[in-house]
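**Q** Got a file for you: coords.txt, compact mmCIF, C-alpha atoms and all ligand atoms.
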# COMPACT_ATOMS: atom_id res chain seq x y z
CA MET A 168 -50.75 -152.76 1.54
CA VAL A 169 -47.35 -151.87 0.19
CA SER A 170 -46.51 -148.21 -0.01
CA TYR A 171 -43.28 -146.30 -0.25
CA LEU A 172 -41.99 -142.98 0.89
CA PRO A 173 -39.86 -140.94 -1.46
CA PRO A 174 -36.39 -139.84 -0.36
CA ASP A 175 -36.34 -136.69 1.80
CA HIS A 176 -35.20 -134.53 -1.08
CA PHE A 177 -38.38 -135.16 -3.06
CA GLU A 178 -41.16 -132.63 -2.63
CA LYS A 179 -44.72 -132.57 -3.90
CA LYS A 180 -45.43 -129.52 -6.02
CA VAL A 181 -46.95 -128.49 -9.33
CA PRO A 182 -44.26 -128.25 -12.05
CA ASP A 183 -44.25 -125.21 -14.34
CA GLY A 184 -46.86 -125.61 -17.05
CA ASP A 185 -48.49 -128.56 -15.28
CA ASP A 186 -51.83 -128.63 -13.47
CA ARG A 187 -51.28 -131.21 -10.73
CA GLU A 188 -48.83 -132.08 -8.00
CA ARG A 189 -45.84 -134.30 -8.78
CA LEU A 190 -42.94 -135.54 -6.72
CA ILE A 191 -39.97 -133.36 -7.71
CA CYS A 192 -36.34 -133.79 -6.69
CA ASN A 193 -35.27 -130.51 -5.10
CA GLN A 194 -31.61 -131.28 -5.85
CA CYS A 195 -31.74 -131.93 -9.61
CA GLY A 196 -35.31 -131.05 -10.59
CA TRP A 197 -36.18 -134.55 -11.82
CA ILE A 198 -39.96 -135.03 -11.91
CA HIS A 199 -41.45 -138.39 -10.92
CA TYR A 200 -44.63 -138.98 -12.92
CA ASP A 201 -46.99 -141.46 -11.28
CA ASN A 202 -49.22 -142.83 -14.04
CA PRO A 203 -51.60 -145.78 -14.43
CA LYS A 204 -50.20 -149.28 -14.84
CA ILE A 205 -51.03 -151.47 -17.82
CA ILE A 206 -52.48 -154.92 -17.22
CA VAL A 207 -52.32 -157.40 -20.12
CA GLY A 208 -54.36 -160.57 -20.35
CA VAL A 209 -56.03 -163.05 -22.65
CA VAL A 210 -59.32 -164.89 -22.99
CA ALA A 211 -57.76 -168.10 -24.27
CA THR A 212 -59.79 -170.89 -25.83
CA TRP A 213 -59.42 -174.47 -26.96
CA GLN A 214 -62.31 -175.75 -29.08
CA ASN A 215 -64.83 -173.28 -27.60
CA LYS A 216 -63.70 -173.97 -24.05
CA LEU A 217 -62.30 -171.11 -21.99
CA LEU A 218 -59.13 -171.25 -19.93
CA LEU A 219 -59.37 -170.08 -16.32
CA CYS A 220 -56.81 -170.16 -13.51
CA LYS A 221 -57.59 -170.45 -9.81
CA ARG A 222 -55.43 -167.88 -8.05
CA ALA A 223 -52.90 -169.05 -5.48
CA ILE A 224 -51.96 -165.51 -4.44
CA GLU A 225 -53.65 -162.48 -2.94
CA PRO A 226 -55.65 -160.51 -3.79
CA ARG A 227 -58.56 -162.89 -4.37
CA SER A 228 -56.69 -166.12 -3.71
CA GLY A 229 -58.91 -169.14 -4.47
CA TYR A 230 -60.94 -167.29 -7.10
CA TRP A 231 -60.87 -167.87 -10.85
CA THR A 232 -59.35 -165.49 -13.37
CA ILE A 233 -58.28 -165.31 -16.97
CA PRO A 234 -54.48 -165.12 -17.29
CA ALA A 235 -53.56 -161.45 -16.75
CA GLY A 236 -50.97 -159.34 -15.01
CA PHE A 237 -48.74 -156.31 -15.11
CA MET A 238 -47.10 -155.60 -18.46
CA GLU A 239 -43.29 -155.69 -18.25
CA LEU A 240 -40.71 -153.43 -19.83
CA LEU A 241 -39.24 -154.59 -23.16
CA GLU A 242 -42.32 -156.50 -24.30
CA THR A 243 -45.36 -155.76 -26.44
CA ALA A 244 -48.84 -155.99 -24.94
CA GLU A 245 -49.45 -159.16 -26.98
CA GLN A 246 -46.22 -160.72 -25.75
CA GLY A 247 -47.16 -159.80 -22.20
CA ALA A 248 -50.55 -161.50 -22.53
CA ALA A 249 -48.90 -164.68 -23.83
CA ARG A 250 -46.27 -164.51 -21.06
CA GLU A 251 -48.96 -164.24 -18.39
CA ALA A 252 -50.72 -167.28 -19.86
CA TRP A 253 -47.48 -169.22 -19.64
CA GLU A 254 -46.69 -168.06 -16.10
CA GLU A 255 -50.14 -168.77 -14.69
CA ALA A 256 -51.23 -171.80 -16.73
CA ARG A 257 -48.08 -173.19 -18.36
CA VAL A 258 -49.90 -172.90 -21.65
CA LEU A 259 -48.76 -171.76 -25.11
CA VAL A 260 -51.24 -169.22 -26.45
CA GLU A 261 -51.42 -167.56 -29.85
CA VAL A 262 -52.66 -164.06 -29.11
CA GLU A 263 -55.15 -162.64 -31.63
CA THR A 264 -57.52 -159.65 -31.70
CA LEU A 265 -57.74 -156.99 -29.02
CA LEU A 266 -60.94 -157.72 -27.12
CA GLY A 267 -61.25 -154.97 -24.53
CA VAL A 268 -59.63 -151.81 -23.17
CA TYR A 269 -60.86 -151.42 -19.62
CA SER A 270 -59.99 -148.31 -17.61
CA ILE A 271 -60.10 -148.84 -13.84
CA PRO A 272 -59.37 -145.45 -12.24
CA ARG A 273 -59.85 -146.71 -8.66
CA ALA A 274 -56.92 -149.09 -9.15
CA GLY A 275 -54.85 -146.80 -11.39
CA GLN A 276 -54.93 -149.42 -14.15
CA VAL A 277 -55.78 -149.90 -17.81
CA HIS A 278 -56.44 -153.51 -18.85
CA LEU A 279 -55.67 -154.62 -22.41
CA ILE A 280 -57.36 -157.98 -22.87
CA TYR A 281 -56.92 -160.06 -26.04
CA ARG A 282 -58.56 -163.06 -27.62
CA GLY A 283 -56.29 -166.00 -28.16
CA HIS A 284 -56.21 -169.73 -28.62
CA LEU A 285 -54.20 -172.57 -27.13
CA THR A 286 -51.83 -174.21 -29.59
CA ALA A 287 -52.35 -177.54 -27.77
CA PRO A 288 -54.65 -178.65 -24.93
CA GLU A 289 -51.71 -178.83 -22.54
CA PHE A 290 -51.68 -176.81 -19.33
CA SER A 291 -50.88 -177.02 -15.64
CA PRO A 292 -50.88 -174.59 -12.74
CA GLY A 293 -47.95 -172.18 -12.68
CA PRO A 294 -46.59 -170.92 -9.33
CA GLU A 295 -49.35 -168.28 -9.04
CA SER A 296 -52.19 -170.76 -9.62
CA LEU A 297 -53.82 -173.54 -7.59
CA ASP A 298 -55.62 -175.04 -10.56
CA VAL A 299 -56.16 -174.49 -14.30
CA GLN A 300 -59.17 -175.73 -16.21
CA LEU A 301 -60.98 -175.38 -19.54
CA PHE A 302 -64.61 -174.42 -19.01
CA ASP A 303 -67.62 -174.68 -21.25
CA TRP A 304 -69.46 -171.36 -21.38
CA ASP A 305 -72.32 -172.80 -19.30
CA ASP A 306 -69.94 -173.98 -16.58
CA ILE A 307 -68.07 -170.72 -15.98
CA PRO A 308 -68.00 -170.09 -12.20
CA TRP A 309 -69.42 -166.55 -12.39
CA ASP A 310 -69.76 -166.23 -8.61
CA GLU A 311 -66.17 -167.30 -8.08
CA LEU A 312 -64.47 -164.95 -10.53
CA ALA A 313 -61.67 -162.92 -8.98
CA PHE A 314 -62.30 -159.55 -10.61
CA LEU A 315 -65.02 -157.53 -12.30
CA SER A 316 -62.71 -157.28 -15.30
CA ASN A 317 -62.84 -161.10 -15.70
CA ARG A 318 -66.61 -160.91 -16.02
CA TRP A 319 -66.39 -158.14 -18.64
CA ALA A 320 -63.78 -159.93 -20.74
CA LEU A 321 -65.63 -163.26 -20.71
CA ARG A 322 -68.96 -161.67 -21.62
CA HIS A 323 -67.37 -159.57 -24.34
CA TYR A 324 -65.61 -162.64 -25.68
CA TYR A 325 -68.96 -164.41 -25.93
CA GLU A 326 -70.64 -161.43 -27.63
CA SER A 327 -67.93 -161.21 -30.29
CA LYS A 328 -66.80 -164.81 -30.68
CA ASP A 329 -68.28 -165.17 -34.18
CA LEU A 330 -66.91 -161.82 -35.41
CA ALA A 331 -63.55 -161.56 -37.18
CA THR A 332 -63.21 -157.86 -36.41
CA PHE A 333 -65.00 -155.53 -34.02
CA PRO A 334 -64.26 -152.39 -32.01
CA ALA A 335 -62.60 -153.14 -28.68
CA PHE A 336 -65.06 -153.30 -25.80
CA THR A 337 -64.86 -150.96 -22.79
CA VAL A 338 -66.15 -151.00 -19.20
CA PRO A 339 -69.91 -151.71 -19.29
CA ALA A 340 -71.98 -148.61 -18.48
CA GLU A 341 -73.41 -150.19 -15.32
CA ASP A 342 -69.91 -150.66 -13.84
CA VAL A 343 -68.30 -147.34 -14.76
CA ALA A 344 -69.24 -145.72 -11.43
CA THR A 345 -68.07 -148.77 -9.46
CA VAL A 346 -64.54 -148.61 -10.84
CA ALA A 347 -64.28 -144.80 -10.80
CA SER A 348 -61.76 -143.25 -8.42
CA PRO A 349 -63.72 -142.41 -5.24
CA PRO A 350 -63.36 -138.84 -3.89
CA CYS A 351 -61.56 -140.09 -0.74
CA LEU A 352 -58.86 -141.74 -2.87
CA LYS A 353 -58.41 -138.58 -4.92
CA SER A 354 -57.92 -136.44 -1.81
CA ALA A 355 -55.63 -139.07 -0.26
CA GLN A 356 -53.40 -138.90 -3.30
CA LYS A 357 -53.16 -135.15 -2.95
CA SER A 358 -52.30 -135.07 0.73
CA GLN A 359 -49.94 -138.04 1.03
CA THR A 360 -46.45 -138.51 -0.27
CA CYS A 361 -46.90 -142.19 -0.99
CA SER A 362 -48.83 -143.83 -3.76
CA GLN A 363 -51.69 -145.90 -2.44
CA ARG A 364 -53.74 -148.10 -4.68
CA SER A 365 -56.96 -149.87 -4.05
CA PRO A 366 -55.84 -153.50 -3.93
CA ASP A 367 -59.13 -154.94 -5.11
CA GLU A 368 -58.28 -154.83 -8.79
CA THR A 369 -54.56 -155.48 -8.60
CA GLU A 370 -53.76 -158.49 -10.68
ZN ZN B 401 -32.34 -135.63 -7.96
Give the structure from this file in structure tokens form.
**A**
Amino acid sequence: MVSYLPPDHFEKKVPDGDDRERLICNQCGWIHYDNPKIIVGVVATWQNKLLLCKRAIEPRSGYWTIPAGFMELLETAEQGAAREAWEEARVLVEVETLLGVYSIPRAGQVHLIYRGHLTAPEFSPGPESLDVQLFDWDDIPWDELAFLSNRWALRHYYESKDLATFPAFTVPAEDVATVASPPCLKSAQKSQTCSQRSPDETE
């Protein structure tokens, strides 16, 4: 696990008017806010088939995922989803409706997952993938999906595939407790000076 220690002149304390500890520079007063990361991804289709990538990197190397990853600066969420599809599957995707907004407190992440379609049935594994394939719904390798969020997005895609508009889906009720921040992680974040994330949902 990668963690970092702040420079010696950073101290953890509660800023005026705040209600939780932050890392504060005791030389210039600059406050470092540690907030959730945004993951962007896409359930991409070609003629009712769904695009999945077999991961070549940890975590969950060898398991299948929809294209998704950390949003970058200077891009929109939609652009990020299309970029991830290109990076992982060398595929051009037209990003459409927002499908799901999934909060994963245990990983400090919010996932914005879109629907989209391939502009041509052309794809190949990018550097982060071992394989890329289009799957019929009945052939999706449910037991070999990399992340819970893949399962949610694929199911929600299927539930809404014939709808032009719909409210974005969220974490299914039965999984909310699973992805909540466990008490030990909360206390660890209070007592340590480094930011430690559960790696199991890092994409
Ligand atoms: Zn400073």
**Q** Using only C-alpha atoms and all ligand atoms, which residues of the polymer chains come no farther than 6 Å from ligand ZN 401 (chain B)? I'd like the answer as number ranges by chain.
**A** A: 192, 194-195, 197
**Q** Which residues of segment 179-248 of chain A come within 8 Å of segment 308-321 of chain A, and for each one, what is the closest pair of atoms and their distance in Å to one decimal, counting all atoms listed in the file, sorted by chain and residue number, as a tab-separated table?
**A**
residue	atom	partner	partner_atom	distance
A:Val210	CA	A:Leu321	CA	6.9
A:Arg227	CA	A:Ala313	CA	5.6
A:Ser228	CA	A:Ala313	CA	7.9
A:Tyr230	CA	A:Ala313	CA	4.8
A:Trp231	CA	A:Leu312	CA	4.6
A:Thr232	CA	A:Ala313	CA	5.6
A:Ile233	CA	A:Asn317	CA	6.3
**Q** If you count only C-alpha atoms, which residues fall within 10 Å of Tyr324 of chain A, apart from same-chain ones fewer than 3 positions away, as JSON, numbers by chain?
**A** {"A": [210, 211, 217, 266, 267, 280, 281, 282, 318, 319, 320, 321, 327, 328, 329, 330, 336]}
**Q** By how many Å are atom CA of Glu295 of chain A and atom CA of Val207 of chain A apart?
**A**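 Distance between the two atoms: 15.8 Å.
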**Q** Quote the spacing between atom CA of Trp253 of chain A and atom CA of Phe333 of chain A in Å to one decimal place.
**A**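 Distance reported for this atom pair: 26.5 Å.
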**Q** Of the residues A:Asp175, A:Glu254, A:Asp298, A:Glu263, which is the one nearest to Lys221 of chain A, using all atoms listed in the file?
**A** A:Asp298
**Q** Using all atoms listed in the file, can you tell me which of A:Val338, A:Ala256, A:Ile307, A:Ile271 comes closest to Leu285 of chain A?
**A** A:Ala256
**Q** Kindly write N, CA and C atoms of segment 205-249 of chain A from the structure just given to a file, as an mmCIF file, in the first residue's frame.
**A**
data_model
loop_
_atom_site.group_PDB
_atom_site.id
_atom_site.type_symbol
_atom_site.label_atom_id
_atom_site.label_comp_id
_atom_site.auth_asym_id
_atom_site.auth_seq_id
_atom_site.Cartn_x
_atom_site.Cartn_y
_atom_site.Cartn_z
ATOM 1 N N ILE A 205 -12.780 10.998 -7.457
ATOM 2 C CA ILE A 205 -13.841 10.676 -8.412
ATOM 3 C C ILE A 205 -13.336 9.638 -9.413
ATOM 4 N N ILE A 206 -14.093 8.567 -9.539
ATOM 5 C CA ILE A 206 -13.829 7.542 -10.548
ATOM 6 C C ILE A 206 -14.842 7.745 -11.677
ATOM 7 N N VAL A 207 -14.384 7.720 -12.917
ATOM 8 C CA VAL A 207 -15.290 7.839 -14.065
ATOM 9 C C VAL A 207 -15.182 6.571 -14.912
ATOM 10 N N GLY A 208 -16.333 6.139 -15.424
ATOM 11 C CA GLY A 208 -16.321 4.905 -16.207
ATOM 12 C C GLY A 208 -17.532 4.826 -17.118
ATOM 13 N N VAL A 209 -17.562 3.782 -17.929
ATOM 14 C CA VAL A 209 -18.635 3.678 -18.917
ATOM 15 C C VAL A 209 -19.013 2.216 -19.152
ATOM 16 N N VAL A 210 -20.334 1.974 -19.173
ATOM 17 C CA VAL A 210 -20.850 0.700 -19.676
ATOM 18 C C VAL A 210 -21.049 0.920 -21.172
ATOM 19 N N ALA A 211 -20.121 0.377 -21.949
ATOM 20 C CA ALA A 211 -20.088 0.664 -23.385
ATOM 21 C C ALA A 211 -20.601 -0.540 -24.163
ATOM 22 N N THR A 212 -21.458 -0.261 -25.153
ATOM 23 C CA THR A 212 -22.088 -1.357 -25.885
ATOM 24 C C THR A 212 -21.842 -1.232 -27.386
ATOM 25 N N TRP A 213 -21.940 -2.398 -28.028
ATOM 26 C CA TRP A 213 -21.980 -2.456 -29.489
ATOM 27 C C TRP A 213 -23.047 -3.493 -29.830
ATOM 28 N N GLN A 214 -24.149 -3.037 -30.397
ATOM 29 C CA GLN A 214 -25.248 -3.930 -30.771
ATOM 30 C C GLN A 214 -25.641 -4.885 -29.632
ATOM 31 N N ASN A 215 -25.953 -4.295 -28.486
ATOM 32 C CA ASN A 215 -26.415 -5.033 -27.302
ATOM 33 C C ASN A 215 -25.345 -5.891 -26.632
ATOM 34 N N LYS A 216 -24.136 -5.840 -27.130
ATOM 35 C CA LYS A 216 -23.048 -6.532 -26.435
ATOM 36 C C LYS A 216 -22.304 -5.528 -25.570
ATOM 37 N N LEU A 217 -21.756 -6.030 -24.455
ATOM 38 C CA LEU A 217 -21.141 -5.145 -23.464
ATOM 39 C C LEU A 217 -19.633 -5.324 -23.448
ATOM 40 N N LEU A 218 -18.936 -4.202 -23.405
ATOM 41 C CA LEU A 218 -17.475 -4.220 -23.451
ATOM 42 C C LEU A 218 -16.886 -4.407 -22.047
ATOM 43 N N LEU A 219 -16.059 -5.430 -21.899
ATOM 44 C CA LEU A 219 -15.345 -5.639 -20.634
ATOM 45 C C LEU A 219 -13.858 -5.819 -20.909
ATOM 46 N N CYS A 220 -13.058 -5.386 -19.931
ATOM 47 C CA CYS A 220 -11.598 -5.479 -20.036
ATOM 48 C C CYS A 220 -11.093 -6.378 -18.914
ATOM 49 N N LYS A 221 -10.156 -7.256 -19.253
ATOM 50 C CA LYS A 221 -9.524 -8.098 -18.230
ATOM 51 C C LYS A 221 -8.307 -7.351 -17.705
ATOM 52 N N ARG A 222 -8.284 -7.082 -16.424
ATOM 53 C CA ARG A 222 -7.252 -6.216 -15.857
ATOM 54 C C ARG A 222 -5.865 -6.859 -15.879
ATOM 55 N N ALA A 223 -4.882 -6.064 -16.266
ATOM 56 C CA ALA A 223 -3.493 -6.524 -16.262
ATOM 57 C C ALA A 223 -2.739 -5.994 -15.055
ATOM 58 N N ILE A 224 -3.425 -5.197 -14.219
ATOM 59 C CA ILE A 224 -2.740 -4.548 -13.098
ATOM 60 C C ILE A 224 -3.510 -4.808 -11.809
ATOM 61 N N GLU A 225 -2.780 -4.721 -10.694
ATOM 62 C CA GLU A 225 -3.421 -4.808 -9.387
ATOM 63 C C GLU A 225 -4.090 -3.479 -9.062
ATOM 64 N N PRO A 226 -5.131 -3.439 -8.253
ATOM 65 C CA PRO A 226 -5.748 -4.612 -7.632
ATOM 66 C C PRO A 226 -6.630 -5.383 -8.618
ATOM 67 N N ARG A 227 -6.847 -6.666 -8.285
ATOM 68 C CA ARG A 227 -7.768 -7.505 -9.053
ATOM 69 C C ARG A 227 -7.283 -7.780 -10.482
ATOM 70 N N SER A 228 -5.982 -7.983 -10.611
ATOM 71 C CA SER A 228 -5.433 -8.372 -11.909
ATOM 72 C C SER A 228 -6.065 -9.700 -12.338
ATOM 73 N N GLY A 229 -6.387 -9.818 -13.631
ATOM 74 C CA GLY A 229 -6.977 -11.055 -14.147
ATOM 75 C C GLY A 229 -8.493 -11.088 -14.082
ATOM 76 N N TYR A 230 -9.087 -10.076 -13.428
ATOM 77 C CA TYR A 230 -10.552 -10.012 -13.348
ATOM 78 C C TYR A 230 -11.085 -8.987 -14.356
ATOM 79 N N TRP A 231 -12.364 -9.141 -14.677
ATOM 80 C CA TRP A 231 -12.992 -8.308 -15.703
ATOM 81 C C TRP A 231 -13.607 -7.049 -15.109
ATOM 82 N N THR A 232 -13.525 -5.969 -15.861
ATOM 83 C CA THR A 232 -14.097 -4.698 -15.406
ATOM 84 C C THR A 232 -14.620 -3.902 -16.596
ATOM 85 N N ILE A 233 -15.563 -3.023 -16.326
ATOM 86 C CA ILE A 233 -15.883 -2.008 -17.335
ATOM 87 C C ILE A 233 -14.718 -1.004 -17.332
ATOM 88 N N PRO A 234 -14.512 -0.262 -18.429
ATOM 89 C CA PRO A 234 -13.476 0.760 -18.406
ATOM 90 C C PRO A 234 -13.816 1.824 -17.354
ATOM 91 N N ALA A 235 -12.896 2.069 -16.438
ATOM 92 C CA ALA A 235 -13.112 3.064 -15.384
ATOM 93 C C ALA A 235 -11.780 3.396 -14.732
ATOM 94 N N GLY A 236 -11.681 4.606 -14.214
ATOM 95 C CA GLY A 236 -10.461 4.991 -13.523
ATOM 96 C C GLY A 236 -10.574 6.392 -12.951
ATOM 97 N N PHE A 237 -9.489 6.851 -12.359
ATOM 98 C CA PHE A 237 -9.506 8.151 -11.702
ATOM 99 C C PHE A 237 -9.691 9.286 -12.716
ATOM 100 N N MET A 238 -10.630 10.175 -12.421
ATOM 101 C CA MET A 238 -10.810 11.371 -13.230
ATOM 102 C C MET A 238 -9.549 12.233 -13.136
ATOM 103 N N GLU A 239 -9.171 12.852 -14.249
ATOM 104 C CA GLU A 239 -7.987 13.713 -14.274
ATOM 105 C C GLU A 239 -8.400 15.177 -14.222
ATOM 106 N N LEU A 240 -7.454 16.024 -13.845
ATOM 107 C CA LEU A 240 -7.681 17.465 -13.923
ATOM 108 C C LEU A 240 -7.894 17.854 -15.383
ATOM 109 N N LEU A 241 -8.586 18.965 -15.603
ATOM 110 C CA LEU A 241 -8.754 19.551 -16.940
ATOM 111 C C LEU A 241 -9.600 18.710 -17.877
ATOM 112 N N GLU A 242 -10.427 17.827 -17.339
ATOM 113 C CA GLU A 242 -11.353 17.095 -18.204
ATOM 114 C C GLU A 242 -12.721 17.046 -17.526
ATOM 115 N N THR A 243 -13.771 16.841 -18.354
ATOM 116 C CA THR A 243 -15.100 16.622 -17.793
ATOM 117 C C THR A 243 -15.215 15.138 -17.423
ATOM 118 N N ALA A 244 -16.236 14.817 -16.640
ATOM 119 C CA ALA A 244 -16.448 13.416 -16.260
ATOM 120 C C ALA A 244 -16.683 12.562 -17.510
ATOM 121 N N GLU A 245 -17.451 13.118 -18.469
ATOM 122 C CA GLU A 245 -17.729 12.377 -19.702
ATOM 123 C C GLU A 245 -16.449 12.142 -20.503
ATOM 124 N N GLN A 246 -15.622 13.174 -20.593
ATOM 125 C CA GLN A 246 -14.344 13.015 -21.296
ATOM 126 C C GLN A 246 -13.466 11.980 -20.597
ATOM 127 N N GLY A 247 -13.503 11.993 -19.271
ATOM 128 C CA GLY A 247 -12.708 11.026 -18.518
ATOM 129 C C GLY A 247 -13.158 9.604 -18.784
ATOM 130 N N ALA A 248 -14.475 9.397 -18.852
ATOM 131 C CA ALA A 248 -15.003 8.054 -19.122
ATOM 132 C C ALA A 248 -14.560 7.574 -20.503
ATOM 133 N N ALA A 249 -14.623 8.469 -21.492
ATOM 134 C CA ALA A 249 -14.187 8.109 -22.848
ATOM 135 C C ALA A 249 -12.676 7.848 -22.875
#
